[in-house]
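Chemist: Sharing my_file-v2.cif below, mmCIF, C-alpha atoms:
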```cif
data_protein
#
loop_
_atom_site.group_PDB
_atom_site.id
_atom_site.type_symbol
_atom_site.label_atom_id
_atom_site.label_comp_id
_atom_site.auth_asym_id
_atom_site.auth_seq_id
_atom_site.Cartn_x
_atom_site.Cartn_y
_atom_site.Cartn_z
ATOM 1 C CA MET A 1 75.460 47.081 -0.461
ATOM 2 C CA ALA A 2 75.585 49.955 -2.947
ATOM 3 C CA PRO A 3 76.006 53.427 -1.425
ATOM 4 C CA ARG A 4 72.603 54.568 -2.730
ATOM 5 C CA HIS A 5 70.804 51.636 -1.163
ATOM 6 C CA MET A 6 72.666 52.073 2.094
ATOM 7 C CA GLY A 7 71.602 55.710 2.238
ATOM 8 C CA LEU A 8 67.928 54.841 1.718
ATOM 9 C CA ALA A 9 68.014 52.218 4.434
ATOM 10 C CA ALA A 10 69.625 54.610 6.884
ATOM 11 C CA ALA A 11 66.972 57.228 6.131
ATOM 12 C CA LEU A 12 64.177 54.753 6.844
ATOM 13 C CA VAL A 13 65.715 53.695 10.131
ATOM 14 C CA LEU A 14 66.231 57.306 11.167
ATOM 15 C CA GLY A 15 62.669 58.212 10.178
ATOM 16 C CA ALA A 16 61.245 55.339 12.242
ATOM 17 C CA GLN A 17 63.238 56.471 15.279
ATOM 18 C CA MET A 18 61.902 60.041 14.883
ATOM 19 C CA GLY A 19 58.268 58.910 14.397
ATOM 20 C CA VAL A 20 58.095 59.826 10.734
ATOM 21 C CA THR A 21 55.898 57.516 8.624
ATOM 22 C CA PRO A 22 57.060 56.678 5.111
ATOM 23 C CA PRO A 23 54.740 58.056 2.404
ATOM 24 C CA GLY A 24 53.662 54.623 1.131
ATOM 25 C CA ALA A 25 52.693 53.403 4.612
ATOM 26 C CA ALA A 26 50.696 56.577 5.283
ATOM 27 C CA LEU A 27 48.685 56.089 2.121
ATOM 28 C CA ALA A 28 47.977 52.488 2.999
ATOM 29 C CA ARG A 29 46.754 53.422 6.477
ATOM 30 C CA ALA A 30 44.499 56.133 5.056
ATOM 31 C CA ALA A 31 42.937 53.752 2.580
ATOM 32 C CA THR A 32 42.301 51.209 5.328
ATOM 33 C CA ALA A 33 40.724 53.818 7.586
ATOM 34 C CA GLY A 34 38.502 55.099 4.784
ATOM 35 C CA ALA A 35 37.334 51.615 3.921
ATOM 36 C CA ALA A 36 36.441 50.962 7.550
ATOM 37 C CA MET A 37 34.092 53.988 7.505
ATOM 38 C CA ILE A 38 32.083 52.604 4.531
ATOM 39 C CA PRO A 39 29.316 50.147 5.431
ATOM 40 C CA ALA A 40 30.105 46.539 4.452
ATOM 41 C CA GLY A 41 27.156 46.319 2.060
ATOM 42 C CA ILE A 42 28.370 49.372 0.130
ATOM 43 C CA GLN A 43 31.894 48.006 -0.053
ATOM 44 C CA LEU A 44 30.609 44.780 -1.629
ATOM 45 C CA ALA A 45 28.402 46.714 -4.008
ATOM 46 C CA GLN A 46 31.325 48.821 -5.149
ATOM 47 C CA ARG A 47 33.506 45.800 -5.781
ATOM 48 C CA SER A 48 32.195 43.869 -8.727
ATOM 49 C CA ASP A 49 34.605 41.044 -7.985
ATOM 50 C CA ALA A 50 33.471 40.597 -4.353
ATOM 51 C CA PRO A 51 32.639 36.948 -3.692
ATOM 52 C CA SER A 52 28.971 36.263 -3.040
ATOM 53 C CA GLY A 53 28.010 34.561 0.201
ATOM 54 C CA PRO A 54 26.543 31.060 0.362
ATOM 55 C CA ALA A 55 23.025 30.839 -1.061
ATOM 56 C CA ALA A 56 20.245 30.404 1.456
ATOM 57 C CA PRO A 57 18.979 26.825 1.453
ATOM 58 C CA ALA A 58 15.763 26.369 -0.527
ATOM 59 C CA ALA A 59 12.724 25.725 1.590
ATOM 60 C CA ALA A 60 11.688 22.050 1.568
ATOM 61 C CA PRO A 61 8.460 21.548 -0.405
ATOM 62 C CA ARG A 62 5.496 20.934 1.796
ATOM 63 C CA PRO A 63 3.961 17.483 1.359
ATOM 64 C CA GLN A 64 0.740 17.646 -0.559
ATOM 65 C CA ALA A 65 -2.314 17.037 1.549
ATOM 66 C CA PRO A 66 -4.516 14.105 0.491
ATOM 67 C CA PRO A 67 -7.296 15.260 -1.851
ATOM 68 C CA ARG A 68 -10.705 15.905 -0.372
ATOM 69 C CA LEU A 69 -12.679 12.847 -1.349
ATOM 70 C CA ASP A 70 -16.376 12.901 -2.080
ATOM 71 C CA PRO A 71 -18.327 11.462 0.873
ATOM 72 C CA ALA A 72 -19.882 8.870 -1.443
ATOM 73 C CA VAL A 73 -16.386 7.729 -2.477
ATOM 74 C CA ARG A 74 -15.333 7.504 1.168
ATOM 75 C CA GLU A 75 -18.439 5.459 1.940
ATOM 76 C CA ALA A 76 -17.862 3.080 -0.988
ATOM 77 C CA GLY A 77 -14.219 2.736 0.028
ATOM 78 C CA ALA A 78 -15.222 1.845 3.582
ATOM 79 C CA ARG A 79 -17.471 -0.935 2.257
ATOM 80 C CA LEU A 80 -14.728 -2.435 0.073
ATOM 81 C CA ALA A 81 -11.783 -1.918 2.415
ATOM 82 C CA ALA A 82 -10.545 -5.332 3.546
ATOM 83 C CA PRO A 83 -7.579 -7.667 3.447
ATOM 84 C CA PHE A 84 -7.093 -9.382 0.091
ATOM 85 C CA ARG A 85 -4.664 -11.706 -1.570
ATOM 86 C CA LEU A 86 -3.100 -10.371 -4.792
ATOM 87 C CA ALA A 87 -2.305 -13.185 -7.228
ATOM 88 C CA ASN A 88 -1.578 -13.879 -10.873
ATOM 89 C CA ALA A 89 -3.880 -16.089 -12.903
ATOM 90 C CA ASP A 90 -2.394 -19.474 -12.042
ATOM 91 C CA GLY A 91 -1.678 -18.620 -8.419
ATOM 92 C CA SER A 92 2.076 -19.122 -8.753
ATOM 93 C CA ARG A 93 2.702 -15.551 -7.476
ATOM 94 C CA THR A 94 0.725 -14.263 -4.495
ATOM 95 C CA CYS A 95 1.090 -11.824 -1.604
ATOM 96 C CA PRO A 96 -1.173 -10.263 1.073
ATOM 97 C CA PHE A 97 -2.626 -6.925 -0.059
ATOM 98 C CA ALA A 98 -4.954 -4.769 2.067
ATOM 99 C CA LEU A 99 -7.239 -1.942 0.939
ATOM 100 C CA LYS A 100 -7.719 0.687 3.649
ATOM 101 C CA ALA A 101 -10.411 3.330 4.156
ATOM 102 C CA GLU A 102 -8.059 6.190 5.151
ATOM 103 C CA PRO A 103 -7.139 8.875 2.575
ATOM 104 C CA ALA A 104 -3.589 8.644 1.237
ATOM 105 C CA GLY A 105 -1.844 10.159 -1.796
ATOM 106 C CA PRO A 106 -4.261 10.436 -4.726
ATOM 107 C CA GLY A 107 -6.913 8.201 -3.151
ATOM 108 C CA LEU A 108 -7.264 5.739 -0.275
ATOM 109 C CA ALA A 109 -4.448 3.892 1.451
ATOM 110 C CA VAL A 110 -3.071 0.478 0.539
ATOM 111 C CA GLU A 111 -1.028 -1.711 2.850
ATOM 112 C CA PHE A 112 1.252 -4.490 1.630
ATOM 113 C CA ASP A 113 4.767 -5.809 2.000
ATOM 114 C CA ARG A 114 6.537 -4.378 -1.045
ATOM 115 C CA GLN A 115 9.324 -6.908 -0.869
ATOM 116 C CA ALA A 116 6.887 -9.820 -0.696
ATOM 117 C CA CYS A 117 4.810 -8.380 -3.557
ATOM 118 C CA ALA A 118 7.840 -7.636 -5.763
ATOM 119 C CA ILE A 119 7.110 -10.919 -7.581
ATOM 120 C CA ILE A 120 4.109 -9.065 -9.074
ATOM 121 C CA ALA A 121 5.935 -6.312 -10.934
ATOM 122 C CA PHE A 122 3.188 -3.675 -11.229
ATOM 123 C CA SER A 123 2.735 -3.583 -7.427
ATOM 124 C CA ALA A 124 5.864 -1.401 -7.204
ATOM 125 C CA GLN A 125 3.861 1.469 -8.796
ATOM 126 C CA VAL A 126 0.845 1.228 -6.507
ATOM 127 C CA VAL A 127 0.482 3.885 -3.778
ATOM 128 C CA ALA A 128 -3.323 4.174 -3.397
ATOM 129 C CA TRP A 129 -6.679 2.883 -4.598
ATOM 130 C CA LEU A 130 -10.177 4.181 -5.327
ATOM 131 C CA PRO A 131 -13.583 2.556 -5.769
ATOM 132 C CA ASP A 132 -15.247 3.196 -9.121
ATOM 133 C CA PRO A 133 -18.955 4.016 -9.592
ATOM 134 C CA SER A 134 -19.185 0.977 -11.883
ATOM 135 C CA GLY A 135 -18.450 -1.308 -8.924
ATOM 136 C CA SER A 136 -14.820 -1.954 -9.845
ATOM 137 C CA LEU A 137 -11.773 -0.717 -7.959
ATOM 138 C CA ARG A 138 -8.647 0.938 -9.315
ATOM 139 C CA LEU A 139 -5.076 0.721 -8.034
ATOM 140 C CA LEU A 140 -3.304 4.064 -8.561
ATOM 141 C CA ASN A 141 0.253 5.311 -8.946
ATOM 142 C CA ALA A 142 1.648 8.456 -7.289
ATOM 143 C CA GLN A 143 0.257 10.653 -10.118
ATOM 144 C CA GLY A 144 -3.250 9.230 -9.685
ATOM 145 C CA ARG A 145 -3.143 7.185 -12.896
ATOM 146 C CA THR A 146 -4.695 3.711 -12.978
ATOM 147 C CA VAL A 147 -2.171 0.884 -12.715
ATOM 148 C CA ALA A 148 -4.772 -1.898 -12.715
ATOM 149 C CA GLU A 149 -8.576 -1.906 -12.705
ATOM 150 C CA PHE A 150 -10.268 -4.844 -10.987
ATOM 151 C CA THR A 151 -13.866 -5.792 -11.750
ATOM 152 C CA GLU A 152 -16.004 -7.587 -9.202
ATOM 153 C CA GLY A 153 -16.165 -11.367 -9.382
ATOM 154 C CA THR A 154 -17.585 -13.874 -6.933
ATOM 155 C CA ASN A 155 -17.090 -14.470 -3.221
ATOM 156 C CA GLY A 156 -15.893 -10.902 -2.715
ATOM 157 C CA SER A 157 -13.018 -11.235 -5.181
ATOM 158 C CA PHE A 158 -11.952 -9.011 -8.106
ATOM 159 C CA GLU A 159 -10.210 -9.633 -11.427
ATOM 160 C CA ALA A 160 -8.024 -7.402 -13.632
ATOM 161 C CA LEU A 161 -6.722 -7.917 -17.147
ATOM 162 C CA ARG A 162 -3.528 -5.966 -17.821
ATOM 163 C CA GLU A 163 -2.770 -5.717 -21.530
ATOM 164 C CA GLY A 164 0.484 -7.448 -22.369
ATOM 165 C CA ASP A 165 0.845 -8.698 -18.801
ATOM 166 C CA GLY A 166 -1.943 -11.083 -17.871
ATOM 167 C CA VAL A 167 -4.848 -11.669 -15.521
ATOM 168 C CA TYR A 168 -4.606 -10.863 -11.808
ATOM 169 C CA PHE A 169 -6.928 -11.417 -8.872
ATOM 170 C CA LEU A 170 -7.625 -9.668 -5.597
ATOM 171 C CA ALA A 171 -9.070 -12.634 -3.753
ATOM 172 C CA ASN A 172 -10.919 -12.630 -0.488
ATOM 173 C CA PRO A 173 -8.598 -14.649 1.801
ATOM 174 C CA ALA A 174 -11.543 -16.294 3.533
ATOM 175 C CA ALA A 175 -12.885 -17.501 0.193
ATOM 176 C CA ALA A 176 -9.396 -18.498 -0.914
ATOM 177 C CA ASP A 177 -9.096 -20.713 2.141
ATOM 178 C CA GLU A 178 -12.310 -22.498 1.237
ATOM 179 C CA ASP A 179 -10.500 -24.535 -1.399
ATOM 180 C CA ALA A 180 -9.836 -27.138 1.301
ATOM 181 C CA GLU A 181 -13.607 -27.655 1.464
ATOM 182 C CA ILE A 182 -13.694 -28.737 -2.193
ATOM 183 C CA LYS A 183 -12.464 -32.284 -2.442
ATOM 184 C CA VAL A 184 -10.803 -33.514 -5.606
ATOM 185 C CA GLU A 185 -13.114 -36.539 -5.661
ATOM 186 C CA GLU A 186 -16.099 -34.165 -5.815
ATOM 187 C CA VAL A 187 -15.043 -32.684 -9.138
ATOM 188 C CA VAL A 188 -13.168 -35.397 -11.028
ATOM 189 C CA GLY A 189 -15.084 -36.936 -13.902
ATOM 190 C CA GLU A 190 -17.057 -35.674 -16.885
ATOM 191 C CA TRP A 191 -18.436 -32.162 -17.251
ATOM 192 C CA ASP A 192 -20.366 -30.428 -20.009
ATOM 193 C CA LEU A 193 -19.460 -26.873 -21.016
ATOM 194 C CA ALA A 194 -22.322 -24.737 -22.325
ATOM 195 C CA ARG A 195 -23.061 -21.163 -23.327
ATOM 196 C CA GLN A 196 -26.599 -21.614 -22.042
ATOM 197 C CA ALA A 197 -28.015 -24.239 -19.734
ATOM 198 C CA GLY A 198 -29.032 -27.457 -21.445
ATOM 199 C CA THR A 199 -27.053 -26.821 -24.653
ATOM 200 C CA PRO A 200 -23.560 -28.290 -24.211
ATOM 201 C CA VAL A 201 -20.875 -27.360 -26.719
ATOM 202 C CA CYS A 202 -18.006 -29.375 -25.235
ATOM 203 C CA ARG A 203 -17.349 -32.227 -22.824
ATOM 204 C CA VAL A 204 -14.255 -32.393 -20.652
ATOM 205 C CA THR A 205 -13.069 -34.980 -18.174
ATOM 206 C CA LEU A 206 -11.180 -33.815 -15.100
ATOM 207 C CA LEU A 207 -8.661 -36.504 -14.165
ATOM 208 C CA ASP A 208 -7.087 -37.263 -10.807
ATOM 209 C CA GLN A 209 -3.530 -37.455 -12.117
ATOM 210 C CA PRO A 210 -0.761 -34.905 -12.667
ATOM 211 C CA ALA A 211 -0.835 -32.887 -15.875
ATOM 212 C CA GLY A 212 2.024 -33.291 -18.311
ATOM 213 C CA ASN A 213 3.128 -29.662 -17.863
ATOM 214 C CA GLY A 214 3.372 -30.021 -14.093
ATOM 215 C CA LYS A 215 0.695 -27.365 -13.457
ATOM 216 C CA GLY A 216 -2.181 -29.063 -11.736
ATOM 217 C CA LYS A 217 -4.062 -32.183 -12.790
ATOM 218 C CA ALA A 218 -4.684 -33.550 -16.257
ATOM 219 C CA LEU A 219 -7.889 -33.238 -18.267
ATOM 220 C CA ALA A 220 -9.237 -34.815 -21.434
ATOM 221 C CA ILE A 221 -11.260 -33.140 -24.192
ATOM 222 C CA ALA A 222 -13.917 -35.143 -26.027
ATOM 223 C CA SER A 223 -14.070 -35.032 -29.803
ATOM 224 C CA GLY A 224 -16.480 -32.571 -31.384
ATOM 225 C CA CYS A 225 -15.726 -29.803 -28.869
ATOM 226 C CA ASP A 226 -16.480 -26.250 -29.989
ATOM 227 C CA PRO A 227 -13.185 -25.005 -31.560
ATOM 228 C CA ALA A 228 -13.709 -21.556 -30.005
ATOM 229 C CA LEU A 229 -13.294 -23.118 -26.560
ATOM 230 C CA LEU A 230 -10.065 -24.820 -27.543
ATOM 231 C CA ARG A 231 -8.207 -21.724 -28.719
ATOM 232 C CA PHE A 232 -6.616 -21.150 -25.325
ATOM 233 C CA GLY A 233 -5.341 -24.755 -25.309
ATOM 234 C CA PRO A 234 -6.766 -26.328 -22.113
ATOM 235 C CA VAL A 235 -4.197 -28.741 -20.684
ATOM 236 C CA ALA A 236 -4.772 -28.892 -16.917
ATOM 237 C CA TRP A 237 -7.115 -28.080 -14.043
ATOM 238 C CA ASP A 238 -6.780 -27.261 -10.369
ATOM 239 C CA ILE A 239 -8.665 -26.025 -7.289
ATOM 240 C CA GLU A 240 -7.874 -22.574 -5.935
ATOM 241 C CA GLY A 241 -9.751 -20.140 -3.711
ATOM 242 C CA GLY A 242 -12.904 -22.245 -3.814
ATOM 243 C CA ASN A 243 -12.867 -22.171 -7.644
ATOM 244 C CA ILE A 244 -12.012 -24.644 -10.382
ATOM 245 C CA LEU A 245 -9.268 -23.357 -12.680
ATOM 246 C CA VAL A 246 -8.918 -24.730 -16.203
ATOM 247 C CA ARG A 247 -5.447 -23.799 -17.420
ATOM 248 C CA GLY A 248 -4.274 -23.335 -20.987
ATOM 249 C CA ASP A 249 -0.828 -23.807 -22.456
ATOM 250 C CA THR A 250 0.400 -20.361 -21.273
ATOM 251 C CA ASP A 251 0.447 -18.757 -17.828
ATOM 252 C CA THR A 252 -2.133 -16.156 -18.828
ATOM 253 C CA ALA A 253 -4.597 -18.632 -20.374
ATOM 254 C CA VAL A 254 -6.869 -19.507 -17.447
ATOM 255 C CA ILE A 255 -10.636 -19.911 -17.069
ATOM 256 C CA ARG A 256 -11.902 -19.715 -13.494
ATOM 257 C CA PHE A 257 -15.217 -21.367 -12.570
ATOM 258 C CA ALA A 258 -17.116 -20.424 -9.403
ATOM 259 C CA ARG A 259 -19.610 -22.717 -7.690
ATOM 260 C CA GLN A 260 -23.267 -21.813 -8.228
ATOM 261 C CA GLU A 261 -26.210 -22.346 -5.884
ATOM 262 C CA ASP A 262 -27.616 -25.100 -8.132
ATOM 263 C CA GLY A 263 -24.411 -27.137 -7.758
ATOM 264 C CA GLY A 264 -23.063 -26.240 -11.182
ATOM 265 C CA TRP A 265 -20.180 -23.911 -12.018
ATOM 266 C CA ALA A 266 -19.934 -20.719 -14.086
ATOM 267 C CA ARG A 267 -17.009 -18.710 -15.447
ATOM 268 C CA THR A 268 -16.081 -15.729 -13.325
ATOM 269 C CA PRO A 269 -16.122 -12.926 -14.144
ATOM 270 C CA GLU A 270 -18.592 -13.542 -16.946
ATOM 271 C CA ARG A 271 -16.870 -11.235 -19.506
ATOM 272 C CA GLY A 272 -19.728 -10.943 -21.967
ATOM 273 C CA ARG A 273 -20.605 -14.500 -22.973
ATOM 274 C CA PRO A 274 -21.369 -16.882 -20.084
ATOM 275 C CA LEU A 275 -19.691 -20.273 -19.851
ATOM 276 C CA LEU A 276 -21.320 -22.906 -17.654
ATOM 277 C CA MET A 277 -19.934 -26.208 -16.411
ATOM 278 C CA ASN A 278 -22.412 -28.873 -15.310
ATOM 279 C CA ARG A 279 -22.525 -32.616 -14.905
ATOM 280 C CA PRO A 280 -23.892 -34.478 -17.983
#
```
Represent the structure of the file as structure tokens.
Modeler:
Amino acid sequence: MAPRHMGLAAALVLGAQMGVTPPGAALARAATAGAAMIPAGIQLAQRSDAPSGPAAPAAAPRPQAPPRLDPAVREAGARLAAPFRLANADGSRTCPFALKAEPAGPGLAVEFDRQACAIIAFSAQVVAWLPDPSGSLRLLNAQGRTVAEFTEGTNGSFEALREGDGVYFLANPAAADEDAEIKVEEVVGEWDLARQAGTPVCRVTLLDQPAGNGKGKALAIASGCDPALLRFGPVAWDIEGGNILVRGDTDTAVIRFARQEDGGWARTPERGRPLLMNRP
């Protein structure tokens, strides 16, 4: 070791033995003592580079309470609340679907198995429903917008037409189970279609044999039928929910006929122009 360095080391050792604190150590201790006398908040304020503590967790948003519904709406909802069967026009996709009378989300509660109803795509958006003053009922999404509006049909059932999607039914399960009461032999044979009773515009024959497209039973159209009735391409018929369904060449082309008190049948819902089906 160089003589100068050896001298410095000896001085430090001697100073420690005599209780003398080196100048640098004294300054360090003074700074530490001074800092301890300053409140912690002031120390952090004075140091612009002091790390900030963890942010307090944001308060969880409170769930929105169901809207206060008009008593008349609640009363109408209570009258309509019931178990239904949601189905597409040809009945190839169905699932149980209940309307409840309790408030929920933007309207009244719905109850259905979402996995079972996944075959009907728009059901994934539905969180509530509301009755409409017109007599229809609306299925709503979480924002309160209408997903599908169903107008009243027959036997406690409702029908909705979704643009670009097709026709759907909320059928009364009790009425839907009545189809067993309608025997095929009761309805096979010739029928006249008319806009008004006694003025037929087309004759069809319901046959007791499978249709060529595999969707129900076959039918035959007589010559001279009103072309307006043939635009949807009737190719088959079937019995469903106590109704007679005349099916066209696409899944969305379906005319549903409900039994009338006089023994005839009428399109349901009427949709402007009536269409009657009676024996010749």
Chemist: What's the separation between CA of Ala72 (chain A) and CA of Ala104 (chain A), in Å to one decimal place?
Modeler: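 Going from CA of Ala72 (chain A) over to CA of Ala104 (chain A), I get 16.5 Å.
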Chemist: What lies within 10 Å of Ala116 (chain A) using only C-alpha atoms, ignoring chain neighbours under 6 positions off, as a tab-separated table (two decimals) with C-alpha atoms, in the coordinates of the input?
Modeler:
```tsv
chain	number	residue	atom	x	y	z
A	93	ARG	CA	2.70	-15.55	-7.48
A	94	THR	CA	0.72	-14.26	-4.50
A	95	CYS	CA	1.09	-11.82	-1.60
A	96	PRO	CA	-1.17	-10.26	1.07
A	97	PHE	CA	-2.63	-6.92	-0.06
```
Chemist: Which is closest to Ala121 (chain A) among A:Ala228, A:Ala236, A:Leu69, A:Ala87, if we use only C-alpha atoms?
Modeler: A:Ala87
Chemist: Restricting the calculation to all atoms listed in the file, which member of A:Leu275, A:Arg231, A:Asp70, A:Thr154 is positioned closest to Arg259 (chain A)?
Modeler: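 For Arg259 (chain A), the nearest of the candidates is A:Thr154.
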Chemist: One decimal, Å: what's the distance from CA of Asp238 (chain A) over to CA of Ala98 (chain A), could you say?
Modeler: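 Those two atoms sit 25.8 Å apart.
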Chemist: So what does the PyMOL selection byres ((chain A and resi 125-128) around 6) actually pick up in this one, as number ranges by chain?
Modeler: A: 107-110, 122-124, 129, 140-142
Chemist: CA of Glu240 (chain A) and CA of Gln196 (chain A) are how many Å apart?
Modeler: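 Separation of CA of Glu240 (chain A) and CA of Gln196 (chain A): 24.7 Å.
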Chemist: Identify all residues satisfying the PyMOL selection byres ((chain A and resi 256) around 9) in the given file; provide them as a list in words.
Modeler: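 So the PyMOL selection byres ((chain A and resi 256) around 9) ends up selecting Ala89, Asn243, Ile244, Leu245, Val246, Arg247, Val254, Ile255, Phe257, Ala258, Ala266, Arg267, Thr268 and Pro269 of chain A.
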Chemist: Can you translate the PyMOL selection byres ((chain A and resi 88) around 9) into the concrete residues it hits in this file, as a PyMOL selection string?
Modeler: chain A and resi 86-87+89-94+120+166-169+251-252
Chemist: Looking at A:Gly189, A:Pro83, A:Gly264, A:Gly153, which one is nearest to Trp237 (chain A), with distances taken over all atoms listed in the file?
Modeler: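 Ranking A:Gly189, A:Pro83, A:Gly264, A:Gly153 by distance to Trp237 (chain A), first place goes to A:Gly189.
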Chemist: What's the 6 Å shell around Thr151 (chain A), counting all atoms listed in the file, without same-chain residues fewer than 3 positions away, as a count of residues only?
Modeler: 3
Chemist: Which residue, A:Glu163, A:Glu75, A:Asp132, A:Asp192, has the smallest gap to Phe150 (chain A) when you use only C-alpha atoms?
Modeler: A:Asp132
Chemist: Can you pull out every residue within 8 Å of Ala218 (chain A), counting all atoms listed in the file, but drop anything in the same chain fewer than 2 positions away, and send it as a compact mmCIF listing (two decimals) with C-alpha atoms, keeping the file's coordinate frame?
Modeler:
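Saved result, part.txt, follows:
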```
# COMPACT_ATOMS: atom_id res chain seq x y z
CA LEU A 206 -11.18 -33.82 -15.10
CA LEU A 207 -8.66 -36.50 -14.16
CA ASP A 208 -7.09 -37.26 -10.81
CA GLN A 209 -3.53 -37.46 -12.12
CA PRO A 210 -0.76 -34.90 -12.67
CA ALA A 211 -0.84 -32.89 -15.88
CA GLY A 212 2.02 -33.29 -18.31
CA GLY A 216 -2.18 -29.06 -11.74
CA ALA A 220 -9.24 -34.82 -21.43
CA VAL A 235 -4.20 -28.74 -20.68
CA ALA A 236 -4.77 -28.89 -16.92
CA TRP A 237 -7.12 -28.08 -14.04
```
